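Heads up, protein38.csv below (CSV, C-alpha atoms):
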chain,number,residue,atom,x,y,z
A,12,MET,CA,46.3,-39.4,17.9
A,13,LYS,CA,49.1,-40.2,15.5
A,14,ILE,CA,52.0,-37.8,16.4
A,15,LEU,CA,55.0,-37.1,14.3
A,16,TYR,CA,57.9,-36.2,16.7
A,17,VAL,CA,60.8,-34.5,15.0
A,18,ALA,CA,63.8,-33.4,17.1
A,19,GLY,CA,67.3,-32.2,16.6
A,20,ARG,CA,68.6,-34.4,19.4
A,21,GLU,CA,69.0,-38.2,19.5
A,22,ALA,CA,66.6,-40.6,21.3
A,23,SER,CA,68.9,-41.0,24.3
A,24,TYR,CA,68.9,-37.2,25.0
A,25,SER,CA,67.0,-36.5,28.2
A,26,ARG,CA,64.4,-34.1,26.8
A,27,THR,CA,63.8,-36.4,23.8
A,28,ARG,CA,63.4,-39.5,26.0
A,29,ILE,CA,61.0,-37.7,28.4
A,30,ILE,CA,58.7,-36.5,25.6
A,31,LEU,CA,58.6,-39.9,24.0
A,32,ARG,CA,57.7,-41.5,27.3
A,33,ALA,CA,55.0,-38.9,27.9
A,34,LEU,CA,53.5,-39.5,24.4
A,35,THR,CA,53.5,-43.3,24.5
A,36,ASP,CA,52.2,-43.4,28.1
A,37,MET,CA,49.2,-41.4,26.9
A,38,GLY,CA,48.5,-44.0,24.3
A,39,HIS,CA,49.5,-42.1,21.2
A,40,GLU,CA,51.0,-43.7,18.1
A,41,VAL,CA,54.3,-41.9,17.7
A,42,VAL,CA,56.3,-41.7,14.4
A,43,THR,CA,59.8,-40.5,15.3
A,44,VAL,CA,62.2,-38.6,13.1
A,45,LEU,CA,65.4,-38.3,15.1
A,46,PRO,CA,69.1,-37.9,14.4
A,47,PRO,CA,71.8,-40.4,15.5
A,48,ASP,CA,73.7,-37.5,17.2
A,49,ARG,CA,73.5,-33.7,17.8
A,50,SER,CA,75.2,-32.6,14.6
A,51,PHE,CA,73.4,-30.1,12.4
A,52,LYS,CA,74.4,-32.1,9.4
A,53,ASN,CA,71.5,-34.5,10.1
A,54,TYR,CA,68.9,-31.8,9.6
A,55,PRO,CA,68.4,-32.2,5.8
A,56,ARG,CA,67.6,-35.9,6.3
A,57,LEU,CA,65.3,-35.0,9.2
A,58,LEU,CA,63.4,-32.6,6.9
A,59,TRP,CA,63.1,-35.1,4.1
A,60,GLN,CA,61.7,-37.8,6.4
A,61,THR,CA,59.3,-35.2,7.9
A,62,LEU,CA,58.0,-34.4,4.4
A,63,LEU,CA,57.3,-38.1,3.8
A,64,ALA,CA,55.7,-38.8,7.2
A,65,ALA,CA,53.7,-35.7,8.0
A,66,PRO,CA,50.7,-36.5,5.7
A,67,ARG,CA,50.0,-39.7,7.7
A,68,CYS,CA,50.0,-37.9,11.1
A,69,ASP,CA,47.5,-35.7,13.0
A,70,VAL,CA,50.0,-33.3,14.7
A,71,VAL,CA,53.7,-32.5,14.3
A,72,LEU,CA,55.6,-32.0,17.6
A,73,THR,CA,59.0,-30.5,17.1
A,74,GLY,CA,61.5,-30.9,19.9
A,75,PHE,CA,64.9,-29.5,21.0
A,76,TYR,CA,66.8,-28.1,19.1
A,77,GLY,CA,63.9,-27.1,16.8
A,78,GLN,CA,64.5,-23.4,16.0
A,79,LEU,CA,66.2,-24.3,12.7
A,80,ILE,CA,63.7,-27.0,11.6
A,81,THR,CA,60.3,-25.7,12.8
A,82,PRO,CA,60.0,-22.9,10.2
A,83,VAL,CA,61.0,-25.2,7.4
A,84,ILE,CA,58.6,-27.9,8.5
A,85,ARG,CA,55.8,-25.3,8.3
A,86,LEU,CA,56.7,-25.0,4.6
A,87,LEU,CA,56.5,-28.7,4.1
A,88,THR,CA,53.2,-29.3,5.8
A,89,TRP,CA,50.1,-27.5,7.0
A,90,LYS,CA,49.5,-30.0,9.8
A,91,PRO,CA,49.3,-28.4,13.2
A,92,ILE,CA,52.7,-27.9,14.8
A,93,VAL,CA,53.4,-27.9,18.6
A,94,PHE,CA,57.0,-26.7,19.2
A,95,ASP,CA,58.7,-27.8,22.4
A,96,MET,CA,60.9,-24.7,22.4
A,97,TYR,CA,62.3,-25.4,25.9
A,98,ILE,CA,64.9,-22.6,25.7
A,99,THR,CA,65.5,-19.7,23.3
A,100,THR,CA,68.6,-19.4,21.1
A,101,TYR,CA,68.8,-15.7,21.8
A,102,ASP,CA,69.0,-16.1,25.6
A,103,THR,CA,71.5,-19.0,25.3
A,104,MET,CA,73.9,-17.3,22.9
A,105,VAL,CA,73.6,-13.7,24.0
A,106,PHE,CA,73.1,-13.9,27.8
A,107,ASP,CA,74.8,-17.2,28.7
A,108,ARG,CA,77.5,-18.1,26.2
A,109,ALA,CA,78.2,-14.4,25.2
A,110,LYS,CA,78.6,-15.3,21.5
A,111,ALA,CA,77.0,-12.0,20.6
A,112,LYS,CA,76.3,-8.7,22.2
A,113,GLU,CA,72.8,-7.3,22.6
A,114,GLY,CA,71.9,-5.2,19.6
A,115,SER,CA,74.5,-6.8,17.3
A,116,PHE,CA,73.8,-8.4,14.0
A,117,MET,CA,74.4,-11.9,15.3
A,118,ALA,CA,72.1,-11.3,18.3
A,119,TRP,CA,69.5,-10.3,15.7
A,120,VAL,CA,70.1,-13.6,13.8
A,121,TYR,CA,69.8,-15.7,17.0
A,122,GLY,CA,66.6,-13.9,17.9
A,123,LEU,CA,65.2,-14.3,14.4
A,124,SER,CA,65.5,-18.1,14.7
A,125,ASP,CA,63.3,-17.9,17.9
A,126,TRP,CA,60.8,-15.5,16.3
A,127,LEU,CA,60.4,-17.5,13.1
A,128,SER,CA,59.9,-20.8,15.0
A,129,TYR,CA,57.3,-19.1,17.2
A,130,LYS,CA,55.5,-17.8,14.1
A,131,ALA,CA,55.6,-21.1,12.3
A,132,ALA,CA,54.2,-23.2,15.2
A,133,ASN,CA,50.6,-23.2,16.4
A,134,ILE,CA,51.8,-23.5,20.0
A,135,SER,CA,55.3,-23.1,21.5
A,136,ILE,CA,56.2,-24.4,24.9
A,137,LEU,CA,58.4,-22.7,27.5
A,138,ASP,CA,59.1,-23.8,31.0
A,139,SER,CA,57.9,-20.8,33.1
A,140,GLN,CA,55.5,-17.9,32.9
A,141,HIS,CA,58.4,-15.6,33.7
A,142,VAL,CA,60.2,-16.7,30.5
A,143,ILE,CA,57.0,-16.4,28.5
A,144,GLU,CA,56.7,-12.8,29.6
A,145,HIS,CA,60.4,-12.2,28.8
A,146,PHE,CA,59.8,-13.7,25.3
A,147,LYS,CA,56.8,-11.5,24.7
A,148,ARG,CA,58.8,-8.4,25.6
A,149,THR,CA,61.9,-9.4,23.7
A,150,PHE,CA,60.2,-10.4,20.5
A,151,LYS,CA,57.2,-8.0,20.7
A,152,VAL,CA,54.6,-10.7,20.4
A,153,ASP,CA,51.3,-11.1,22.2
A,154,GLY,CA,52.2,-14.5,23.4
A,155,ARG,CA,48.8,-16.1,22.7
A,156,LYS,CA,50.6,-19.1,21.2
A,157,LEU,CA,52.9,-19.7,24.2
A,158,ARG,CA,52.2,-22.3,26.9
A,159,ARG,CA,54.0,-23.0,30.1
A,160,LEU,CA,55.0,-26.6,30.8
A,161,PHE,CA,57.2,-27.3,33.8
A,162,LEU,CA,60.2,-29.5,33.1
A,163,ALA,CA,60.0,-33.2,33.8
A,164,VAL,CA,62.5,-35.9,34.3
A,165,ASP,CA,62.7,-39.6,33.6
A,166,ASP,CA,61.0,-41.0,36.8
A,167,LYS,CA,62.2,-44.5,35.9
A,168,ALA,CA,65.7,-43.3,36.7
A,169,ILE,CA,65.1,-40.4,39.0
A,170,TYR,CA,63.1,-41.4,42.0
A,171,PRO,CA,63.7,-41.5,45.8
A,172,ARG,CA,65.8,-44.4,47.0
A,173,PRO,CA,68.1,-45.3,49.9
A,174,PRO,CA,71.7,-44.1,49.5
A,175,ALA,CA,74.0,-46.6,47.7
A,176,GLU,CA,76.8,-45.5,50.1
A,177,LYS,CA,76.5,-43.5,53.3
A,178,SER,CA,79.3,-41.2,54.5
A,179,SER,CA,79.7,-39.8,57.9
A,180,ASP,CA,80.3,-36.4,56.2
A,181,PHE,CA,77.4,-34.2,55.0
A,182,LEU,CA,77.5,-34.7,51.2
A,183,VAL,CA,76.5,-31.9,48.8
A,184,HIS,CA,75.9,-32.9,45.1
A,185,PHE,CA,76.1,-31.0,41.9
A,186,HIS,CA,76.0,-32.2,38.3
A,187,GLY,CA,76.0,-30.3,35.0
A,188,GLU,CA,77.7,-29.3,31.8
A,189,TYR,CA,79.7,-26.4,33.4
A,190,THR,CA,77.8,-23.8,31.4
A,191,PRO,CA,78.4,-20.2,32.6
A,192,PHE,CA,75.0,-19.8,34.3
A,193,HIS,CA,75.7,-22.9,36.5
A,194,GLY,CA,78.3,-20.8,38.4
A,195,VAL,CA,80.5,-23.8,39.4
A,196,ARG,CA,83.2,-21.4,40.6
A,197,HIS,CA,80.9,-20.2,43.4
A,198,ILE,CA,80.3,-23.8,44.4
A,199,LEU,CA,84.1,-24.4,44.7
A,200,ARG,CA,84.6,-21.3,46.8
A,201,ALA,CA,81.7,-22.3,49.1
A,202,ALA,CA,83.3,-25.7,49.4
A,203,LYS,CA,86.5,-24.1,50.6
A,204,MET,CA,84.6,-22.2,53.3
A,205,LEU,CA,83.2,-25.5,54.6
A,206,GLU,CA,86.4,-27.5,54.3
A,207,ASN,CA,86.8,-28.1,58.1
A,208,GLU,CA,83.1,-28.5,58.9
A,209,GLY,CA,82.5,-32.2,58.0
A,210,VAL,CA,81.0,-31.2,54.6
A,211,LYS,CA,82.1,-32.8,51.3
A,212,PHE,CA,81.1,-32.0,47.7
A,213,GLN,CA,80.8,-34.2,44.7
A,214,ILE,CA,80.7,-32.4,41.3
A,215,VAL,CA,79.8,-34.4,38.3
A,216,GLY,CA,80.2,-33.4,34.6
A,217,LYS,CA,82.3,-31.4,32.2
A,218,GLY,CA,81.7,-28.5,29.9
A,219,ILE,CA,82.3,-24.9,28.8
A,220,THR,CA,83.9,-23.5,32.0
A,221,TYR,CA,85.5,-26.8,33.1
A,222,GLU,CA,89.2,-25.8,32.5
A,223,GLU,CA,88.7,-22.4,34.1
A,224,ASP,CA,87.0,-24.0,37.1
A,225,MET,CA,89.6,-26.7,37.5
A,226,LYS,CA,92.3,-24.0,37.6
A,227,LEU,CA,90.4,-22.4,40.4
A,228,ALA,CA,90.0,-25.7,42.3
A,229,LYS,CA,93.7,-26.2,42.1
A,230,GLU,CA,94.4,-22.7,43.4
A,231,LEU,CA,92.0,-23.3,46.3
A,232,ASP,CA,93.7,-26.6,47.1
A,233,LEU,CA,90.4,-28.2,47.9
A,234,LYS,CA,90.4,-31.2,50.1
A,235,ASN,CA,86.7,-31.8,50.4
A,236,VAL,CA,85.7,-31.9,46.7
A,237,ARG,CA,85.4,-35.0,44.6
A,238,LEU,CA,85.3,-34.4,40.8
A,239,VAL,CA,83.5,-37.0,38.6
A,240,ASP,CA,83.4,-37.1,34.8
A,241,SER,CA,80.0,-37.2,33.1
A,242,VAL,CA,78.2,-40.5,33.8
A,243,PRO,CA,75.2,-42.3,32.3
A,244,TYR,CA,71.8,-41.1,33.6
A,245,ASP,CA,71.1,-44.2,35.8
A,246,GLN,CA,74.5,-43.9,37.4
A,247,LEU,CA,73.9,-40.2,38.0
A,248,ALA,CA,70.8,-41.1,40.0
A,249,VAL,CA,72.9,-43.5,42.2
A,250,LEU,CA,75.4,-40.7,42.9
A,251,MET,CA,72.5,-38.3,43.8
A,252,SER,CA,71.1,-41.0,46.2
A,253,ASN,CA,74.2,-40.7,48.3
A,254,ALA,CA,73.8,-37.0,48.8
A,255,ASP,CA,72.3,-35.1,51.7
A,256,VAL,CA,71.7,-32.0,49.6
A,257,CYS,CA,71.5,-31.3,45.9
A,258,LEU,CA,72.5,-28.1,44.2
A,259,GLY,CA,70.9,-26.1,41.3
A,260,ILE,CA,72.5,-23.0,39.7
A,261,PHE,CA,74.4,-20.0,41.1
A,262,GLY,CA,75.6,-17.9,38.1
A,263,GLU,CA,75.2,-14.2,37.9
A,264,ASN,CA,74.4,-13.7,34.1
A,265,THR,CA,71.0,-12.9,32.7
A,266,ARG,CA,70.5,-16.5,31.6
A,267,ALA,CA,70.6,-17.6,35.2
A,268,SER,CA,67.6,-15.5,36.0
A,269,LEU,CA,65.6,-17.1,33.3
A,270,VAL,CA,66.0,-20.8,33.8
A,271,MET,CA,64.5,-23.6,35.9
A,272,THR,CA,67.0,-26.2,34.7
A,273,ASN,CA,66.8,-30.0,34.8
A,274,LYS,CA,69.0,-30.3,37.8
A,275,VAL,CA,66.4,-28.5,39.9
A,276,ILE,CA,63.7,-30.9,38.9
A,277,GLU,CA,66.0,-33.9,39.2
A,278,GLY,CA,66.9,-32.8,42.8
A,279,ILE,CA,63.3,-32.6,44.0
A,280,GLY,CA,62.5,-35.8,42.0
A,281,MET,CA,65.0,-37.6,44.1
A,282,ALA,CA,63.3,-36.2,47.2
A,283,LYS,CA,66.5,-34.4,48.2
A,284,PRO,CA,66.6,-30.9,49.8
A,285,LEU,CA,67.6,-28.5,47.1
A,286,ILE,CA,69.6,-25.3,47.3
A,287,THR,CA,69.6,-23.1,44.3
A,288,GLN,CA,69.7,-19.4,43.2
A,289,ARG,CA,66.7,-17.3,43.8
A,290,ASN,CA,65.0,-16.5,40.5
A,291,ALA,CA,61.4,-16.0,39.3
A,292,PRO,CA,61.1,-19.3,37.4
A,293,VAL,CA,62.0,-21.5,40.4
A,294,GLN,CA,59.6,-19.5,42.6
A,295,GLU,CA,56.7,-20.4,40.3
A,296,LEU,CA,57.2,-24.0,41.4
A,297,LEU,CA,58.9,-23.9,44.8
A,298,ARG,CA,58.8,-21.8,48.0
A,299,HIS,CA,61.9,-20.8,50.0
A,300,GLY,CA,62.2,-22.6,53.4
A,301,GLU,CA,59.3,-24.9,52.5
A,302,SER,CA,60.2,-26.8,49.3
A,303,VAL,CA,63.6,-25.3,48.4
A,304,TYR,CA,66.4,-23.2,50.0
A,305,LEU,CA,67.0,-20.1,47.9
A,306,VAL,CA,70.2,-18.1,47.9
A,307,ASP,CA,71.5,-14.9,46.3
A,308,ALA,CA,73.2,-15.3,42.9
A,309,ALA,CA,77.0,-15.5,42.7
A,310,SER,CA,77.5,-15.6,46.4
A,311,PRO,CA,79.7,-18.4,47.8
A,312,GLN,CA,79.1,-17.1,51.3
A,313,ALA,CA,75.3,-17.5,50.9
A,314,LEU,CA,75.7,-21.0,49.5
A,315,ALA,CA,78.0,-22.0,52.3
A,316,ASP,CA,75.6,-20.6,54.9
A,317,ALA,CA,72.7,-22.5,53.3
A,318,VAL,CA,74.6,-25.8,53.4
A,319,ARG,CA,75.5,-25.1,57.0
A,320,THR,CA,71.9,-24.3,57.9
A,321,LEU,CA,70.6,-27.5,56.4
A,322,LYS,CA,73.4,-29.6,57.9
A,323,ASN,CA,72.5,-28.3,61.4
A,324,ASP,CA,68.7,-28.6,61.0
A,325,PRO,CA,67.6,-32.1,60.0
A,326,ALA,CA,64.0,-31.2,60.5
A,327,LEU,CA,64.2,-28.3,58.0
A,328,CYS,CA,66.1,-30.6,55.6
A,329,GLN,CA,63.4,-33.2,55.7
A,330,ARG,CA,60.6,-30.7,55.3
A,331,ILE,CA,62.2,-29.2,52.2
A,332,ALA,CA,62.8,-32.6,50.8
A,333,ASP,CA,59.3,-33.8,51.4
A,334,ASN,CA,57.6,-30.7,50.1
A,335,GLY,CA,59.9,-30.5,47.1
A,336,TYR,CA,59.0,-34.0,46.1
A,337,GLN,CA,55.3,-33.3,46.5
A,338,ALA,CA,55.7,-30.3,44.1
A,339,PHE,CA,57.5,-32.7,41.7
A,340,LYS,CA,54.6,-35.2,41.8
A,341,ASP,CA,52.0,-32.5,41.4
A,342,HIS,CA,53.7,-30.7,38.4
A,343,CYS,CA,56.8,-32.4,37.0
A,344,ALA,CA,56.0,-36.1,36.7
A,345,ILE,CA,55.9,-37.5,33.2
A,346,GLN,CA,52.2,-38.1,33.5
A,347,LYS,CA,51.7,-34.4,34.0
A,348,THR,CA,53.7,-33.6,30.9
A,349,GLY,CA,51.6,-36.1,28.9
A,350,GLU,CA,48.4,-34.6,30.1
A,351,ALA,CA,49.6,-31.1,29.2
A,352,LEU,CA,50.7,-32.1,25.7
A,353,GLN,CA,47.4,-33.9,25.2
A,354,ALA,CA,45.5,-30.6,26.0
A,355,MET,CA,47.7,-28.8,23.4
A,356,PHE,CA,47.1,-31.4,20.7
A,357,ASP,CA,43.3,-31.2,21.4
A,358,GLU,CA,43.6,-27.4,21.1
A,359,VAL,CA,45.4,-27.3,17.8
A,360,THR,CA,43.3,-30.0,16.2
A,361,GLY,CA,40.0,-28.6,17.5
A,362,LYS,CA,39.1,-31.7,19.5
A,363,THR,CA,37.5,-31.6,22.9
A,364,ARG,CA,37.4,-34.3,25.5
A,365,THR,CA,35.0,-35.1,28.3

Could you spell out this file's structure in structure tokens?
Amino acid sequence: MKILYVAGREASYSRTRIILRALTDMGHEVVTVLPPDRSFKNYPRLLWQTLLAAPRCDVVLTGFYGQLITPVIRLLTWKPIVFDMYITTYDTMVFDRAKAKEGSFMAWVYGLSDWLSYKAANISILDSQHVIEHFKRTFKVDGRKLRRLFLAVDDKAIYPRPPAEKSSDFLVHFHGEYTPFHGVRHILRAAKMLENEGVKFQIVGKGITYEEDMKLAKELDLKNVRLVDSVPYDQLAVLMSNADVCLGIFGENTRASLVMTNKVIEGIGMAKPLITQRNAPVQELLRHGESVYLVDAASPQALADAVRTLKNDPALCQRIADNGYQAFKDHCAIQKTGEALQAMFDEVTGKTRT
């Protein structure tokens, strides 16, 4: 097929890069309409280019962040639209970043953007069945146009490899944008509990809660934590290769109960044992004690205990790593993403394959 891919994030953005790989690996001809950066000021140009390109394509695939452009694209073309919604504006702005309270006018505006984009698209994609059910309840829709597609990562960068450096200490790795649902402060407190047990942490990135978390790190006077600024994706994989365990998320807000997150998939994609918060989306893909080690939300003690358990049980560590990687290959490889998108394109265009 000839696919028009329109996204609000640049070609180097991880989700954009992964979808493009999945499409081209499946043999599609892809026409891209992408911005140079994440600024909303690019959107008028994106829409103009979409108007010109859509008549020549079979399907329009809108990507992240598409809530503002998908409804307008529906006005510009009647070509089938598949919307890679990925995350909802409402959940992000209300439950994670607390930019509006439930029931407020701004919360209604954020929710409206999700509802309109859902109505405009023939199919919308979310990353877990749990979030699909949440979407149906929140926006009072039947959900017939929603599809689950587990997150994928760039397996040309994220893949199992020997460590670039090996330390005598047990190394625990976290990376992220310090958004509230990540719960970095709980990681820091867990690190303090393990300070004298031969455990070190490397924490990579910067973001919303960075200043607050750095203040806490200073107060704790941490001796076993290495802080690293954001790094290019290929360098991130090198840092992950050095780790004995990778971390997911640990925040206590509602958003944390609704997400899978890239770092979960990246951890299992590196064949590393993963520790993350217990929530329904993760448990659609992974099983506690078999392919992941799950802990209670917002509990530094539970996280510290989990790290200690894996450090002292190499066989458990290896089993979780191996089974997590198998789950990655079965559900989260780019090939699986491409096959799932192909099925959606066939559905919206009325084509069948044998």

Please provide the set of residues having any atom within 7 Å of Phe261 (chain A), restricted to only C-alpha atoms, with same-chain residues fewer than 3 positions apart removed, written as JSON, numbers by chain.
{"A": [192, 193, 194, 197, 287, 288, 308, 309]}

Residues within 9 Å of (54.8, -23.1, 31.1), file coords, only C-alpha atoms, listed as a VMD selection string:
chain A and resid 136 to 143 157 to 162

Nearest to His186 (chain A) by atom-to-atom distance, counting all atoms listed in the file, from A:Pro243, A:Gly74, A:Gly19, A:Pro55:
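Selected residue with least distance to His186 (chain A): A:Pro243.
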
Lys229 (chain A) surroundings by only C-alpha atoms, 12 Å radius, close-in-sequence under 6 positions cut, as a ChimeraX atom specification:
/A:196,199-200,203,222-223,236,238

Mind pulling up the distance from CA of Lys217 (chain A) to CA of Ser241 (chain A)?
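Interatomic distance here is 6.3 Å.
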